[in-house]
file entry16.txt (compact mmCIF, C-alpha atoms)
# COMPACT_ATOMS: atom_id res chain seq x y z
CA MET A 1 -6.68 10.65 -10.36
CA SER A 2 -2.99 11.27 -10.09
CA PRO A 3 -1.51 12.62 -6.86
CA THR A 4 -1.00 16.33 -7.33
CA ASN A 5 1.73 16.80 -4.77
CA SER A 6 5.28 15.98 -5.84
CA ARG A 7 6.43 15.27 -2.31
CA TYR A 8 3.68 12.68 -1.95
CA ARG A 9 4.57 11.16 -5.31
CA ARG A 10 8.16 10.65 -4.21
CA THR A 11 7.49 9.28 -0.74
CA ALA A 12 4.39 7.28 -1.57
CA CYS A 13 6.21 5.17 -4.12
CA THR A 14 7.73 3.29 -1.22
CA GLY A 15 4.39 2.41 0.21
CA LEU A 16 1.57 2.71 -2.28
CA ALA A 17 0.54 2.07 -5.79
CA LEU A 18 0.61 5.31 -7.74
CA ALA A 19 -2.80 6.29 -8.97
CA LEU A 20 -2.20 7.44 -12.53
CA PRO A 21 -0.89 4.11 -13.79
CA LEU A 22 -3.94 2.41 -12.26
CA ALA A 23 -6.16 4.64 -14.36
CA ALA A 24 -4.23 3.52 -17.39
CA LEU A 25 -4.87 -0.09 -16.42
CA ALA A 26 -8.60 0.48 -16.35
CA ALA A 27 -8.49 1.20 -20.05
CA CYS A 28 -6.33 -1.77 -21.01
CA GLY A 29 -8.99 -4.45 -20.50
CA GLY A 30 -9.15 -7.03 -23.20
CA GLY A 31 -7.91 -9.93 -21.13
CA SER A 32 -9.83 -13.16 -21.23
CA GLY A 33 -8.13 -14.52 -18.16
CA GLY A 34 -6.27 -17.77 -18.12
CA ASP A 35 -3.08 -18.83 -16.38
CA THR A 36 0.17 -18.56 -18.30
CA SER A 37 3.33 -20.36 -17.24
CA ALA A 38 6.86 -19.24 -17.97
CA ALA A 39 9.15 -21.78 -19.64
CA ALA A 40 11.67 -23.31 -17.25
CA GLY A 41 14.69 -22.88 -19.49
CA SER A 42 18.21 -23.95 -18.67
CA GLY A 43 18.65 -21.91 -15.51
CA LYS A 44 21.65 -20.26 -17.16
CA GLY A 45 22.32 -17.29 -19.41
CA THR A 46 21.24 -13.66 -19.47
CA ILE A 47 17.92 -12.55 -18.00
CA SER A 48 16.28 -9.15 -18.28
CA VAL A 49 14.89 -7.33 -15.22
CA TRP A 50 12.64 -4.26 -15.18
CA ALA A 51 12.08 -2.09 -12.12
CA HIS A 52 10.57 1.30 -11.33
CA GLN A 53 12.94 4.19 -10.77
CA GLY A 54 12.22 5.34 -7.24
CA GLN A 55 14.15 7.37 -4.72
CA LYS A 56 17.87 7.52 -5.46
CA SER A 57 18.61 5.46 -2.35
CA GLU A 58 16.21 2.74 -3.53
CA ASP A 59 17.73 2.67 -7.00
CA THR A 60 21.21 2.33 -5.53
CA ALA A 61 20.13 -0.54 -3.27
CA LEU A 62 18.66 -2.41 -6.24
CA GLN A 63 21.66 -1.75 -8.47
CA ASN A 64 23.96 -3.03 -5.73
CA ALA A 65 21.85 -6.18 -5.36
CA VAL A 66 22.18 -6.87 -9.09
CA LYS A 67 25.94 -6.24 -9.08
CA SER A 68 26.38 -8.54 -6.09
CA PHE A 69 24.36 -11.29 -7.75
CA ASN A 70 26.26 -11.03 -11.03
CA SER A 71 29.63 -11.16 -9.29
CA SER A 72 28.66 -14.03 -6.97
CA GLN A 73 28.29 -16.61 -9.74
CA SER A 74 28.92 -17.06 -13.47
CA LYS A 75 25.86 -19.01 -14.68
CA ILE A 76 23.36 -16.14 -14.80
CA LYS A 77 23.80 -12.53 -15.82
CA VAL A 78 21.14 -9.99 -14.88
CA GLU A 79 20.58 -6.95 -17.08
CA LEU A 80 18.64 -4.31 -15.12
CA LYS A 81 16.50 -1.62 -16.72
CA LEU A 82 15.09 1.19 -14.57
CA ILE A 83 11.95 2.90 -15.89
CA PRO A 84 10.64 6.19 -14.41
CA GLY A 85 8.06 5.41 -11.75
CA ASN A 86 5.34 7.61 -13.24
CA ASP A 87 5.59 5.72 -16.56
CA TYR A 88 6.29 2.27 -15.22
CA THR A 89 2.88 0.63 -15.03
CA LYS A 90 1.79 2.27 -18.26
CA THR A 91 4.88 0.78 -19.93
CA ILE A 92 4.04 -2.76 -18.79
CA THR A 93 0.41 -2.24 -19.82
CA ALA A 94 1.41 -1.11 -23.31
CA THR A 95 4.02 -3.86 -23.86
CA ASP A 96 3.05 -7.17 -25.41
CA ALA A 97 3.57 -10.11 -23.06
CA SER A 98 6.19 -11.60 -25.39
CA LYS A 99 8.29 -8.42 -25.06
CA LEU A 100 8.21 -8.19 -21.29
CA PRO A 101 11.30 -9.09 -19.21
CA ASP A 102 12.06 -12.32 -17.41
CA VAL A 103 11.68 -10.59 -14.05
CA MET A 104 9.63 -7.48 -13.39
CA GLU A 105 8.57 -5.33 -10.52
CA PHE A 106 4.95 -4.23 -10.27
CA ASP A 107 2.67 -2.32 -7.93
CA GLY A 108 0.78 -4.78 -5.75
CA PRO A 109 -2.78 -3.79 -6.71
CA THR A 110 -1.95 -4.10 -10.42
CA MET A 111 -0.95 -7.75 -10.15
CA ALA A 112 -4.35 -9.34 -10.79
CA ASN A 113 -4.82 -7.21 -13.88
CA PHE A 114 -1.46 -8.35 -15.26
CA VAL A 115 -2.32 -11.99 -14.53
CA TYR A 116 -5.71 -11.50 -16.20
CA ASN A 117 -3.95 -10.06 -19.26
CA LYS A 118 -1.47 -12.97 -19.25
CA LYS A 119 1.60 -10.90 -18.43
CA LEU A 120 2.65 -12.56 -15.16
CA ALA A 121 3.42 -16.21 -14.46
CA ALA A 122 3.03 -18.06 -11.17
CA ILE A 123 6.38 -18.16 -9.36
CA ASP A 124 5.80 -21.21 -7.14
CA ASP A 125 7.80 -23.59 -9.35
CA TYR A 126 10.76 -21.23 -9.68
CA VAL A 127 11.48 -19.58 -6.33
CA SER A 128 12.66 -21.76 -3.48
CA ALA A 129 10.38 -23.06 -0.72
CA LYS A 130 12.59 -21.16 1.71
CA THR A 131 11.92 -17.86 -0.06
CA LEU A 132 8.16 -18.45 -0.05
CA SER A 133 8.05 -19.50 3.60
CA ASN A 134 10.16 -16.52 4.66
CA ALA A 135 7.75 -14.04 3.10
CA THR A 136 5.42 -12.43 5.63
CA SER A 137 1.82 -13.58 5.52
CA ALA A 138 0.68 -10.08 4.54
CA SER A 139 3.10 -9.99 1.60
CA LYS A 140 1.96 -13.41 0.41
CA ALA A 141 -1.70 -12.36 0.65
CA GLN A 142 -1.08 -9.51 -1.77
CA GLY A 143 0.62 -11.81 -4.28
CA GLU A 144 -1.73 -14.81 -4.25
CA ILE A 145 -4.59 -15.78 -6.56
CA ASP A 146 -6.40 -19.11 -6.14
CA GLY A 147 -3.53 -20.63 -4.18
CA LYS A 148 -0.83 -19.60 -6.66
CA HIS A 149 1.76 -16.90 -5.96
CA TYR A 150 2.49 -14.33 -8.65
CA GLY A 151 4.54 -11.86 -6.63
CA LEU A 152 6.62 -11.31 -3.51
CA GLY A 153 7.84 -8.00 -2.14
CA MET A 154 11.02 -6.76 -0.55
CA TYR A 155 8.96 -4.41 1.61
CA ASP A 156 5.42 -3.74 2.73
CA SER A 157 3.53 -0.69 3.98
CA GLY A 158 1.25 0.43 6.77
CA LEU A 159 -0.84 3.26 8.15
CA GLY A 160 -1.03 4.89 11.52
CA VAL A 161 -1.74 8.13 13.32
CA TYR A 162 1.38 10.02 14.34
CA GLY A 163 0.92 12.11 17.47
CA ASN A 164 2.73 15.07 18.99
CA LYS A 165 3.05 14.03 22.65
CA LYS A 166 3.60 17.60 23.85
CA LEU A 167 0.39 18.87 22.24
CA LEU A 168 -1.63 15.81 23.30
CA ASP A 169 -0.49 16.13 26.91
CA ALA A 170 -1.19 19.88 26.95
CA ALA A 171 -4.79 19.21 25.90
CA GLY A 172 -5.18 16.43 28.46
CA VAL A 173 -5.74 13.83 25.74
CA LYS A 174 -5.06 10.21 26.64
CA TYR A 175 -3.91 8.21 23.63
CA PRO A 176 -3.43 4.50 22.81
CA THR A 177 -0.18 2.68 23.44
CA GLY A 178 -0.90 0.00 20.82
CA LEU A 179 -3.57 -2.10 19.15
CA SER A 180 -4.96 -3.42 22.44
CA ASP A 181 -6.20 -0.04 23.72
CA ASP A 182 -7.05 1.58 20.40
CA TRP A 183 -9.26 4.67 20.20
CA THR A 184 -12.84 4.11 19.10
CA ALA A 185 -14.05 6.50 16.40
CA ALA A 186 -16.00 8.41 19.06
CA GLN A 187 -12.90 8.69 21.26
CA PHE A 188 -10.87 9.92 18.29
CA THR A 189 -13.49 12.61 17.60
CA ALA A 190 -13.48 13.56 21.30
CA ALA A 191 -9.69 13.91 21.15
CA LEU A 192 -10.02 16.26 18.17
CA LYS A 193 -12.49 18.40 20.11
CA ALA A 194 -10.20 18.55 23.14
CA LEU A 195 -7.21 19.48 20.98
CA LYS A 196 -9.25 22.13 19.15
CA ALA A 197 -10.02 23.85 22.47
CA LYS A 198 -6.28 24.40 22.99
CA ASP A 199 -5.43 25.34 19.39
CA SER A 200 -5.41 28.86 17.96
CA ASP A 201 -7.05 28.03 14.62
CA GLY A 202 -8.83 24.83 15.63
CA LYS A 203 -7.04 22.81 12.95
CA VAL A 204 -5.48 19.88 14.79
CA LEU A 205 -5.49 16.99 12.28
CA ASP A 206 -3.57 16.25 9.07
CA LEU A 207 -5.16 13.82 6.57
CA GLN A 208 -2.61 14.51 3.81
CA GLU A 209 -5.31 16.54 2.09
CA ASN A 210 -2.55 18.16 0.03
CA SER A 211 -2.10 14.83 -1.75
CA GLY A 212 -5.71 14.83 -2.90
CA LEU A 213 -8.31 12.22 -2.02
CA ALA A 214 -9.67 11.29 -5.46
CA ASN A 215 -6.67 9.05 -6.13
CA GLU A 216 -4.86 6.04 -4.71
CA TRP A 217 -4.10 7.89 -1.47
CA GLY A 218 -7.86 8.21 -0.96
CA THR A 219 -8.31 4.45 -1.28
CA TYR A 220 -5.19 3.34 0.55
CA GLY A 221 -5.54 5.90 3.31
CA PHE A 222 -9.26 5.64 4.05
CA ALA A 223 -10.55 2.25 2.90
CA PRO A 224 -9.52 1.16 6.44
CA ILE A 225 -12.55 3.13 7.66
CA VAL A 226 -14.78 0.94 5.48
CA TRP A 227 -13.13 -2.25 6.74
CA SER A 228 -13.15 -1.12 10.37
CA ALA A 229 -16.88 -0.41 10.08
CA GLY A 230 -17.46 -4.00 8.98
CA GLY A 231 -17.86 -3.21 5.29
CA SER A 232 -15.75 -3.96 2.24
CA LEU A 233 -14.84 -2.44 -1.11
CA LEU A 234 -15.90 -5.74 -2.68
CA LYS A 235 -17.58 -8.79 -1.17
CA ASP A 236 -17.99 -11.90 -3.29
CA GLY A 237 -17.34 -9.81 -6.39
CA LYS A 238 -19.97 -7.17 -5.60
CA ALA A 239 -19.73 -3.69 -4.07
CA GLU A 240 -23.45 -3.04 -3.47
CA GLY A 241 -24.40 -3.99 0.06
CA ALA A 242 -20.76 -4.02 1.19
CA LEU A 243 -19.41 -0.59 0.25
CA ASP A 244 -22.68 1.21 1.01
CA ALA A 245 -23.76 -0.77 4.09
CA PRO A 246 -25.41 1.31 6.85
CA ALA A 247 -22.38 0.97 9.18
CA VAL A 248 -20.07 2.24 6.41
CA VAL A 249 -22.38 5.17 5.70
CA SER A 250 -22.31 6.05 9.40
CA ALA A 251 -18.52 5.78 9.53
CA MET A 252 -18.17 8.05 6.50
CA LYS A 253 -20.41 10.63 8.19
CA THR A 254 -17.94 10.62 11.07
CA PHE A 255 -15.04 11.00 8.64
CA GLN A 256 -16.87 13.90 7.00
CA SER A 257 -17.24 15.60 10.39
CA TRP A 258 -13.45 15.69 10.84
CA LYS A 259 -12.98 18.21 8.04
CA THR A 260 -13.61 21.09 10.43
CA TYR A 261 -10.59 19.95 12.47
CA THR A 262 -8.31 19.32 9.49
CA ASP A 263 -5.41 21.48 8.34
CA PRO A 264 -5.32 21.45 4.50
CA ASN A 265 -1.54 21.00 4.81
CA THR A 266 -0.79 22.94 1.65
CA ASP A 267 2.90 23.13 2.53
CA GLY A 268 3.17 19.45 3.48
CA ASN A 269 4.53 20.37 6.92
CA ALA A 270 1.46 20.74 9.13
CA PHE A 271 2.60 18.05 11.54
CA ALA A 272 6.36 18.49 11.31
CA LYS A 273 6.03 22.21 12.09
CA GLY A 274 3.74 21.58 15.06
CA ARG A 275 0.60 23.15 13.60
CA VAL A 276 -1.39 19.96 14.23
CA ALA A 277 -1.19 17.30 16.92
CA LEU A 278 -2.20 14.31 14.79
CA SER A 279 -1.26 13.10 11.31
CA TRP A 280 -3.06 10.21 9.55
CA VAL A 281 -0.45 8.82 7.16
CA GLY A 282 1.89 5.89 6.58
CA HIS A 283 5.26 4.54 7.64
CA TRP A 284 7.04 6.63 5.00
CA MET A 285 6.69 9.87 6.99
CA TYR A 286 8.53 8.49 10.03
CA PRO A 287 12.00 9.76 9.05
CA ALA A 288 10.83 13.36 8.60
CA TYR A 289 8.55 13.29 11.64
CA SER A 290 11.14 11.68 13.88
CA LYS A 291 13.69 14.28 12.88
CA ALA A 292 11.23 17.12 13.56
CA LEU A 293 9.74 15.91 16.86
CA GLY A 294 12.30 13.58 18.39
CA SER A 295 11.02 12.06 21.64
CA ASP A 296 7.70 13.90 21.31
CA LEU A 297 6.67 11.61 18.43
CA VAL A 298 4.21 8.82 19.24
CA VAL A 299 2.85 6.24 16.79
CA LEU A 300 -0.79 5.19 17.15
CA PRO A 301 -3.17 2.84 15.29
CA LEU A 302 -6.10 4.15 13.27
CA PRO A 303 -9.37 4.42 15.21
CA ASP A 304 -11.80 1.51 15.52
CA PHE A 305 -15.22 1.94 13.90
CA GLY A 306 -16.58 -1.29 15.39
CA ASN A 307 -14.88 -4.14 13.53
CA GLY A 308 -11.46 -3.58 15.08
CA PRO A 309 -8.67 -1.24 13.93
CA LYS A 310 -7.57 -1.76 10.33
CA THR A 311 -4.73 -0.63 8.09
CA GLY A 312 -3.90 -0.91 4.42
CA GLN A 313 -0.87 -2.92 3.35
CA GLY A 314 0.92 -3.91 0.17
CA SER A 315 3.54 -2.32 -2.03
CA TRP A 316 5.85 -3.00 -4.97
CA SER A 317 6.40 -6.68 -5.67
CA TRP A 318 8.52 -8.88 -7.90
CA GLY A 319 7.33 -11.52 -10.35
CA ILE A 320 8.23 -13.48 -13.47
CA GLY A 321 7.04 -12.45 -16.92
CA ALA A 322 4.65 -14.93 -18.47
CA GLY A 323 6.67 -14.85 -21.68
CA SER A 324 9.98 -15.72 -20.00
CA LYS A 325 11.92 -18.59 -21.52
CA ASN A 326 14.12 -18.93 -18.44
CA GLY A 327 11.94 -19.23 -15.35
CA LYS A 328 14.59 -21.19 -13.45
CA ALA A 329 17.15 -18.41 -13.77
CA ALA A 330 14.50 -15.80 -12.92
CA GLY A 331 13.63 -17.72 -9.77
CA THR A 332 17.29 -18.02 -8.77
CA PHE A 333 17.66 -14.25 -9.04
CA LEU A 334 14.49 -13.65 -7.00
CA ASP A 335 15.82 -15.97 -4.28
CA ALA A 336 18.91 -13.77 -4.06
CA LEU A 337 17.03 -10.49 -4.31
CA LEU A 338 14.79 -11.46 -1.38
CA ASN A 339 17.60 -12.49 0.97
CA ASP A 340 18.22 -10.65 4.24
CA THR A 341 21.14 -8.60 2.92
CA ASN A 342 19.22 -7.12 -0.01
CA VAL A 343 15.91 -6.69 1.81
CA THR A 344 17.65 -4.95 4.70
CA ALA A 345 19.58 -2.67 2.34
CA MET A 346 16.38 -1.71 0.51
CA THR A 347 14.30 -1.09 3.64
CA THR A 348 17.13 0.90 5.18
CA ALA A 349 17.05 3.01 2.03
CA ASN A 350 13.31 3.66 2.04
CA GLY A 351 12.23 3.16 5.65
CA ALA A 352 9.54 0.61 4.77
CA PRO A 353 8.70 -2.50 6.82
CA PRO A 354 10.59 -5.55 5.49
CA ALA A 355 8.33 -8.08 3.76
CA THR A 356 10.38 -11.09 4.90
CA ARG A 357 10.11 -12.63 8.35
CA THR A 358 13.83 -12.72 9.11
CA ALA A 359 14.60 -9.15 8.01
CA LEU A 360 11.53 -7.83 9.86
CA ALA A 361 12.58 -9.50 13.10
CA GLN A 362 16.03 -7.89 12.88
CA SER A 363 14.89 -4.40 11.81
CA GLU A 364 15.91 -1.66 14.22
CA LEU A 365 12.73 0.28 13.40
CA TYR A 366 10.17 -2.54 13.32
CA LYS A 367 11.45 -5.17 15.76
CA GLN A 368 9.85 -5.66 19.17
CA GLY A 369 10.55 -2.49 21.15
CA GLY A 370 11.45 -0.52 18.02
CA PRO A 371 9.83 2.86 17.34
CA LEU A 372 7.66 1.43 14.54
CA GLN A 373 6.76 -1.87 16.21
CA LEU A 374 3.09 -0.95 15.73
CA PHE A 375 3.39 -1.36 11.95
CA ALA A 376 4.96 -4.82 12.38
CA ASP A 377 2.24 -5.78 14.88
CA GLN A 378 -0.41 -4.77 12.34
CA LEU A 379 1.21 -6.73 9.51
CA ALA A 380 1.45 -9.76 11.81
CA LYS A 381 -2.37 -9.88 11.78
CA PRO A 382 -3.17 -10.05 8.05
CA CYS A 383 -6.74 -10.25 6.75
CA GLY A 384 -6.07 -10.91 3.11
CA ASP A 385 -8.61 -9.17 0.90
CA SER A 386 -11.81 -11.02 1.79
CA ASP A 387 -11.91 -12.45 5.33
CA ILE A 388 -11.95 -9.14 7.17
CA THR A 389 -12.71 -10.16 10.74
CA LYS A 390 -12.49 -8.18 13.97
CA SER A 391 -9.26 -9.90 15.02
CA CYS A 392 -7.18 -9.19 11.89
CA VAL A 393 -5.71 -5.77 11.09
CA ALA A 394 -3.75 -5.48 7.81
CA VAL A 395 -6.10 -5.63 4.82
CA THR A 396 -4.99 -6.24 1.25
CA ARG A 397 -6.65 -4.07 -1.37
CA PRO A 398 -9.00 -6.22 -3.50
CA VAL A 399 -7.00 -8.74 -5.54
CA THR A 400 -8.96 -8.41 -8.77
CA ALA A 401 -8.27 -7.39 -12.34
CA GLY A 402 -11.04 -4.84 -11.83
CA TYR A 403 -9.16 -3.02 -9.06
CA PRO A 404 -8.59 0.12 -11.20
CA THR A 405 -12.35 0.63 -11.34
CA VAL A 406 -12.79 -0.10 -7.63
CA THR A 407 -10.20 2.46 -6.55
CA ALA A 408 -11.35 5.09 -9.05
CA LYS A 409 -15.00 4.92 -7.96
CA PHE A 410 -14.30 4.63 -4.24
CA SER A 411 -11.79 7.48 -4.10
CA ASP A 412 -14.13 9.73 -6.09
CA ALA A 413 -16.89 8.96 -3.59
CA LEU A 414 -14.58 9.60 -0.66
CA ASN A 415 -13.53 12.94 -2.11
CA SER A 416 -17.18 13.91 -2.64
CA ILE A 417 -18.09 12.95 0.91
CA TYR A 418 -15.19 14.94 2.31
CA GLY A 419 -16.45 17.88 0.26
CA GLY A 420 -19.92 17.64 1.82
CA ALA A 421 -21.84 15.14 -0.34
CA ASP A 422 -24.37 12.77 1.22
CA PRO A 423 -22.38 9.67 2.24
CA LYS A 424 -25.14 7.17 1.42
CA GLY A 425 -25.73 8.65 -2.02
CA ALA A 426 -22.05 8.85 -2.90
CA LEU A 427 -21.26 5.30 -1.72
CA SER A 428 -24.29 3.78 -3.43
CA LYS A 429 -23.43 5.52 -6.70
CA ALA A 430 -19.87 4.16 -6.49
CA ALA A 431 -21.09 0.65 -5.67
CA ARG A 432 -23.47 0.61 -8.63
CA ALA A 433 -20.73 1.81 -11.00
CA ILE A 434 -18.29 -0.84 -9.76
CA ASP A 435 -20.87 -3.60 -10.09
CA GLN A 436 -21.84 -2.48 -13.59
CA ASP A 437 -18.20 -2.57 -14.69
CA PHE A 438 -17.73 -6.05 -13.22
CA SER A 439 -20.90 -7.22 -14.92
CA ASP A 440 -19.71 -5.82 -18.24
CA ASN A 441 -16.43 -7.73 -17.83
CA ALA A 442 -17.80 -11.06 -16.62
CA GLY A 443 -16.49 -10.41 -13.12
CA TYR A 444 -12.87 -10.23 -14.32
CA LYS A 445 -12.62 -13.95 -13.64
CA ILE A 446 -9.12 -15.41 -14.01
CA GLN A 447 -9.55 -18.94 -15.33
call {"tool": "encode", "arguments": {"input": "entry16.txt", "output": "structure tokens"}}
result
Amino acid sequence: MSPTNSRYRRTACTGLALALPLAALAACGGGSGGDTSAAAGSGKGTISVWAHQGQKSEDTALQNAVKSFNSSQSKIKVELKLIPGNDYTKTITATDASKLPDVMEFDGPTMANFVYNKKLAAIDDYVSAKTLSNATSASKAQGEIDGKHYGLGMYDSGLGVYGNKKLLDAAGVKYPTGLSDDWTAAQFTAALKALKAKDSDGKVLDLQENSGLANEWGTYGFAPIVWSAGGSLLKDGKAEGALDAPAVVSAMKTFQSWKTYTDPNTDGNAFAKGRVALSWVGHWMYPAYSKALGSDLVVLPLPDFGNGPKTGQGSWSWGIGAGSKNGKAAGTFLDALLNDTNVTAMTTANGAPPATRTALAQSELYKQGGPLQLFADQLAKPCGDSDITKSCVAVTRPVTAGYPTVTAKFSDALNSIYGGADPKGALSKAARAIDQDFSDNAGYKIQ
């Protein structure tokens, strides 16, 4: 279930968990749960840090943060190791906990699996109270299990619908200005019909189909439809009755109906080249879209299927290896890594929303009145992964060691539905498979 498009693989690493490593996680199993604490240590000496190799600009920002930390004091020396992004999660999965670094980066949805397999320690005793309180609520939701924090991010992610104002106006389509006047699903479909009437080939929507749907993009990009319909990927540890609820089945029928309006986007430029008026994608496409459309670019929330508009959230995070003998020093480094200077440098490099309150408030893109304020507004209304009410917006993908199974089965179902399969049958099949896997693994309970 790996993304097949290289452009997606590069850009998505700033906002999503890559799908192939998640598949590898599904096979690792074997964990019996149980919390593991890192040893405090002296707070001095050399600590090892692992991170994924991302875009060159991201790598440079991280390398500069390490250099700055090392030169700012003499008690702790950080040794940074960059591992290719496509191999990163598989490397952690295959490495014994005792051989893992003091500090390591990880994709948000993989966290619970690493905790379950005793590879991550809670960070609460080692990072400062200031660092924890400065993390955005959405970022903390992704990194929390049973009241303990295992990870914090430098940046977050979000979804929206980018619109071409010129094409929307030409078709007489009125569009939302923010979360308060969001399109309903029916209004979104009506907009597609109106746009189609003015379009030569009738293809007016981009769903990043070129990235494939039977992978993490399928889950990240379109689980918001499930949540907005009042359903869930998991509810109280079960998928049946939540993933295949009647309202979700109805919403997926609507999603299926959009295929006739969708450009397959084989060149990755359907929206940037003006072939379509709407693009359903994340924050990471803003730089390219802004450059292509200028003042004609508008940023809209995803449509509301009845339970309020929803978006995915979550991205790469930082934590402390459960086998670390120097948790104090690891925490000191994380405090520095998550300061405004480093977070701002990283989010300037990759365009993502900052995952700290102070950096987010100062961001030229995401601050009040900024061009991507919508994404900040969404993240300011976090749901966590279980209490998905009408009033919250940013939903965390299920925080469970069984997430690899959840995303594999859901994205396969989504892909089948998009291809014409019966939504109720596909969703029920996925729900049964998820529940069987959870039953076989005692619910992936972390003791």
call {"tool": "atom_distance", "arguments": {"input": "entry16.txt", "atom1": "CA of Asn113 (chain A)", "atom2": "CA of Thr95 (chain A)"}}
result
13.7 Å
call {"tool": "residues_around", "arguments": {"input": "entry16.txt", "residues": "Leu213 (chain A)", "least_positions_apart": "2", "cutoff": "8 Å", "atoms": "all atoms listed in the file", "output": "PyMOL selection string"}}
result
chain A and resi 209+211+215-219+411-412+414-415
call {"tool": "atom_distance", "arguments": {"input": "entry16.txt", "atom1": "CA of Val298 (chain A)", "atom2": "CA of Lys273 (chain A)"}}
result
15.3 Å
call {"tool": "residues_near_point", "arguments": {"input": "entry16.txt", "point": "(-10.3, 6.4, 1.3)", "cutoff": "12 Å", "atoms": "only C-alpha atoms", "output": "MDAnalysis selection string"}}
result
chainID A and resid 207:209 212:227 232:233 243 248 251:252 255:256 280:281 311:312 397 406:418 427
call {"tool": "write_last_selection", "arguments": {"input": "entry16.txt", "atoms": "C-alpha atoms", "output": "PDB file, in the coordinates of the input"}}
result
ATOM      1  CA  LEU A 207      -5.160  13.820   6.570  1.00  0.00           C
ATOM      2  CA  GLN A 208      -2.610  14.510   3.810  1.00  0.00           C
ATOM      3  CA  GLU A 209      -5.310  16.540   2.090  1.00  0.00           C
ATOM      4  CA  GLY A 212      -5.710  14.830  -2.900  1.00  0.00           C
ATOM      5  CA  LEU A 213      -8.310  12.220  -2.020  1.00  0.00           C
ATOM      6  CA  ALA A 214      -9.670  11.290  -5.460  1.00  0.00           C
ATOM      7  CA  ASN A 215      -6.670   9.050  -6.130  1.00  0.00           C
ATOM      8  CA  GLU A 216      -4.860   6.040  -4.710  1.00  0.00           C
ATOM      9  CA  TRP A 217      -4.100   7.890  -1.470  1.00  0.00           C
ATOM     10  CA  GLY A 218      -7.860   8.210  -0.960  1.00  0.00           C
ATOM     11  CA  THR A 219      -8.310   4.450  -1.280  1.00  0.00           C
ATOM     12  CA  TYR A 220      -5.190   3.340   0.550  1.00  0.00           C
ATOM     13  CA  GLY A 221      -5.540   5.900   3.310  1.00  0.00           C
ATOM     14  CA  PHE A 222      -9.260   5.640   4.050  1.00  0.00           C
ATOM     15  CA  ALA A 223     -10.550   2.250   2.900  1.00  0.00           C
ATOM     16  CA  PRO A 224      -9.520   1.160   6.440  1.00  0.00           C
ATOM     17  CA  ILE A 225     -12.550   3.130   7.660  1.00  0.00           C
ATOM     18  CA  VAL A 226     -14.780   0.940   5.480  1.00  0.00           C
ATOM     19  CA  TRP A 227     -13.130  -2.250   6.740  1.00  0.00           C
ATOM     20  CA  SER A 232     -15.750  -3.960   2.240  1.00  0.00           C
ATOM     21  CA  LEU A 233     -14.840  -2.440  -1.110  1.00  0.00           C
ATOM     22  CA  LEU A 243     -19.410  -0.590   0.250  1.00  0.00           C
ATOM     23  CA  VAL A 248     -20.070   2.240   6.410  1.00  0.00           C
ATOM     24  CA  ALA A 251     -18.520   5.780   9.530  1.00  0.00           C
ATOM     25  CA  MET A 252     -18.170   8.050   6.500  1.00  0.00           C
ATOM     26  CA  PHE A 255     -15.040  11.000   8.640  1.00  0.00           C
ATOM     27  CA  GLN A 256     -16.870  13.900   7.000  1.00  0.00           C
ATOM     28  CA  TRP A 280      -3.060  10.210   9.550  1.00  0.00           C
ATOM     29  CA  VAL A 281      -0.450   8.820   7.160  1.00  0.00           C
ATOM     30  CA  THR A 311      -4.730  -0.630   8.090  1.00  0.00           C
ATOM     31  CA  GLY A 312      -3.900  -0.910   4.420  1.00  0.00           C
ATOM     32  CA  ARG A 397      -6.650  -4.070  -1.370  1.00  0.00           C
ATOM     33  CA  VAL A 406     -12.790  -0.100  -7.630  1.00  0.00           C
ATOM     34  CA  THR A 407     -10.200   2.460  -6.550  1.00  0.00           C
ATOM     35  CA  ALA A 408     -11.350   5.090  -9.050  1.00  0.00           C
ATOM     36  CA  LYS A 409     -15.000   4.920  -7.960  1.00  0.00           C
ATOM     37  CA  PHE A 410     -14.300   4.630  -4.240  1.00  0.00           C
ATOM     38  CA  SER A 411     -11.790   7.480  -4.100  1.00  0.00           C
ATOM     39  CA  ASP A 412     -14.130   9.730  -6.090  1.00  0.00           C
ATOM     40  CA  ALA A 413     -16.890   8.960  -3.590  1.00  0.00           C
ATOM     41  CA  LEU A 414     -14.580   9.600  -0.660  1.00  0.00           C
ATOM     42  CA  ASN A 415     -13.530  12.940  -2.110  1.00  0.00           C
ATOM     43  CA  SER A 416     -17.180  13.910  -2.640  1.00  0.00           C
ATOM     44  CA  ILE A 417     -18.090  12.950   0.910  1.00  0.00           C
ATOM     45  CA  TYR A 418     -15.190  14.940   2.310  1.00  0.00           C
ATOM     46  CA  LEU A 427     -21.260   5.300  -1.720  1.00  0.00           C
TER      47      LEU A 427
END
call {"tool": "residues_around", "arguments": {"input": "entry16.txt", "residues": "Val49 (chain A)", "least_positions_apart": "4", "cutoff": "12 Å", "atoms": "all atoms listed in the file", "output": "VMD selection string"}}
result
chain A and resid 62 to 63 66 77 to 83 99 to 106 318 to 321 324 329 to 331 333 to 334 337
call {"tool": "closest_residue", "arguments": {"input": "entry16.txt", "among": "A:Ser133, A:Gly85, A:Val127, A:Tyr286", "to": "Lys56 (chain A)", "atoms": "all atoms listed in the file"}}
result
A:Gly85
call {"tool": "residues_around", "arguments": {"input": "entry16.txt", "residues": "region 191-199 of chain A", "least_positions_apart": "6", "cutoff": "9 Å", "atoms": "all atoms listed in the file", "output": "count of residues only"}}
result
15
call {"tool": "atom_distance", "arguments": {"input": "entry16.txt", "atom1": "CA of Lys166 (chain A)", "atom2": "CA of Pro371 (chain A)"}}
result
17.3 Å
